[in-house]
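A.B. asks: Let me begin by handing over the structure; questions about it come next.
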Amino acid sequence: MHILVVEDSELLGESIQARLQKMGHGVDWVNNGRQANGLLQHQQFDLIILDLNLPELGGEQILSELRKRKDTTPVLILTAREQVDDRIKLLDAGADDYLTKPFDFGELEARCRVLMRRNQGFSSNLSRHGNLSFDRSAKAVYVNEEKLDLKNREFRLLEVFLGHLGRVMSKEELADRLFAFDESPGPNAIELYIARLRKKLAESSVQIRTLRGLGYLAECDDD
Amino acid sequence: MMTDSPLRPDQPVSLRNRLILGAVALILVLGTLAIIAIDGYGKRAAELSYDRLLASAAFQIADAIHVRDGVVDVDLPVAAFETLALARDDRVFYRISGPRDAYLTGYADLPRPAADQGFSKDGARLIQQRFFTSRYLDEPVRFIVLRRLLTEADITGYITVQLGQTINARADLAEDITGKGLQLIAIASVIALGLLGYGIKRAFSPLDQIERELAARSPTDLTPLHVTPIKETWRLQQTINHFMRRLQDTLDRMQRYTGEAAHQIRTPLAGLRAALQNLRDHPDIDDPKPVYNRIMQSVDQLNTTVSQLLNQATITHRLQSEALRRIELNKVVKEACLELASHAINEKVELAFEADAEDTNLLGDAFALKQLFRNLIENAVRYSPVDGVVEIRVHQSVNRLFVEVKDNGPGIPVEYRDKVFTRFYRAPAAVGVGSGLGLAIVREIAERHNAEVGLMDNQPHGLTVRVGFRKESAHGK
């Protein structure tokens with residue numbers, strides 16, 4: 001999944017980026033409010049982690065601009081304020097969740113999972129697709145109760161496909177959701193990941209089809 | 001709300017009670033005057049009516065006096081006394097005398113009218129009458145003296161009828177009239193008091209309304225009062241609303257301040273925690289050195305923020321509570337330089353101090369001023385390039401003393417120069433270390449000393465901060 005981190009503290013921003021990258025997400029980090037706002041006008045993300053006190057443009061404004069554009073990307077707010085009033089205000093302004101600084105990564109990861117899977121239409125961390133079950137919290141995939149050995153990126157790629165079953169995804173779209181901007185995957189990286197994933201999914205009900213010149217389509221025949 | 005929890009131990013003055021007291025006093029005075037008037041009127045009315053009876057009886061008696069065969073003959077008419085008998089408890093006395101005061105009949109020793117109550121000497125009138133009151137037989141008695149001129153052929157002269165009656169019935173009548181009057185006054189007073197009370201209550205009802213509305217609100221509700229506008233309470237209402245607006249502003253500022261302070265402290269803490277958790281969970285990271293450097297930087301920044309917050313608290317308290325004393329500006333600036341010199345050298349920056357003013361005495365708080373210069377010098381050092389020089393100079397004009405701190409750092413673009421004095425504001429270029437409090441503290445201290453802080457470009461590049469104090473002599477001393 002493609003995540004944007006907006007945080008002006010270098011140490012914190014970098015740490016979050018490193019952590020989420022280790023989990024296989026594509027993570028971009030900006031430390032300036034105006035820059036973040038500009039980026040969000042042109043780029044779609046699967047999750048935004050947003051600090052409130054930012055140079056030039058505050059987090060609240062970024063959030064309200066985002067919602068004004070009818071952009072429903074889930075937003076997790078990082079705040080130092082503990083007052084209930086502040087949180088109510090944030091949630092009313094369109095934030096999906098908030099985390100008070102300092103926080104534990106375990107909690108951050110859990111909240112990110114919830115927000116991203118909710119955005120894909122799943123209400124629990126475990127989803128079943130025919131004989132395939134996808135466990136977001138344990139980061140494990142089972143086919144016929146047998147665990148598949150998936151690399152981080154493969155897991156995320158499958159996650160993207162499961163969120164868009166029956167929809168054609170272009171190669172660029174997939175790359176956007178999988179990689180940060182500063183990661184430059186080779187031209188065949190997506191094809192490579194898809195080939196590996198397809199091989200591992202051979203026994204499952206989820207199949208990925210290639211549509212020449214168009215992209216990829218994941219289908220689930222749960223008979 | 002004030003009634004069940006008095007603000008002060010002594011009773012507050014009640015306008016309402018004052019008004020009610022005033023009204024009662026007014027009614028008492030008016031009532032007393034009315035009582036005096038009615039008492040006088042009652043007495044006069046009683047006197048007048050009984051005097052008429054007395055007079056009519058005296059006329060009847062006088063009418064019944066005839067001269068028969070050259071002798072004055074008195075034939076007392078019963079009817080005359082019957083009129084007087086209307087006053088049942090009163091006794092009647094009479095005395096009749098002929099010309100030259102010759103006693104004819106009745107009580108010989110009745111008191112005579114005093115000389116000034118006597119008759120006028122114009123003898124032209126046939127009948128003359130006078131009333132007077134006197135004591136007889138140890139009782140007050142009302143008398144009438146009636147003179148009638150006899151103009152018979154053989155006898156000329158006045159016959160005098162003196163008729164007296166004790167005054168019980170008059171007193172009763174007077175008392176009766178006064179009593180009735182009193183009743184009326186009492187009723188009128190009660191009605192007046194009731195109306196006044198009602199009127200006062202109504203007059204104070206806008207105040208009650210304000211009180212009720214204030215009492216019913218939650219302590220956090222600082223929205224304007226919504227009370228029926230009344231001319232007399234309008235100003236009060238406006239004042240309360242204005243006050244609440246100011247309170248709200250203060251609360252907002254306070255909340256913003258605590259929010260900012262929380263952010264300034266919690267963000268580096270969150271960064272530290274996150275970085276450490278990463279290092280713990282993934283110890284196999286390729287090159288951990290930059291992370292360690294960032295961690296140390298964060299700790300330093302946190303330390304700066306915390307000390308500036310503490311500093312600001314101390315300074316604010318000092319500026320509010322300590323009186324300004326005579327200090328020597330040169331000395332204070334020099335001390336600040338000395339304290340920071342070694343820190344600057346560690347940062348590979350040199351401090352240079354230059355005193356171009358002789359008499360640098362002024363009224364100030366040495367501790368706070370030293371903090372001001374420390375903040376300026378620390379900032380200058382922070383943004384100085386390696387091997388840079390920070391110049392600190394004290395100089396003067398005719399009525400001002402200036403302290404300038406110059407660095408060769410990047411400077412501050414003109415558009416940000418006003419904002420950098422705002423608490424927690426950091427210019428976009430100022431990455432990292434500043435707490436955003438230093439210049440806010442500078443401004444606070446400068447304001448207390450009536451000093452101006454100006455930001456200017458340094459040549460060839462860098463920033464000059466100039467603090468201008470008014471000389472002591474310029475304060476009119």
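Identifiers in the structure tokens: chain A, B, ... in order shown; residue index from 1 per chain; ligand index from 1 in order shown.
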I need the contact residues of chain A against chain B, so if you could list those with any atom within 6 Å, counting only C-alpha atoms, and return them as a count of residues only, that would help.
C.D. replies: 8
A.B. asks: I need the residues of range 55-89 of chain A that end up classed as strand (DSSP E) by DSSP on the backbone, written out as a ChimeraX atom specification.
C.D. replies: /A:75-79
A.B. asks: CA of Ile185 in chain B to CA of Leu21 in chain B: how many Å, to one decimal?
C.D. replies: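 Going from CA of Ile185 in chain B over to CA of Leu21 in chain B covers 18.6 Å.
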A.B. asks: What does the distance from CA of Gln320 in chain B to CA of Asp252 in chain B come to in Å, to one decimal?
C.D. replies: 21.5 Å
A.B. asks: Do you know which residues are at most 8 Å from Ile77 in chain A counting only C-alpha atoms, after dropping those on the same chain fewer than 6 positions away, and could you put them as a ChimeraX atom specification?
C.D. replies: /A:49-52,95-99
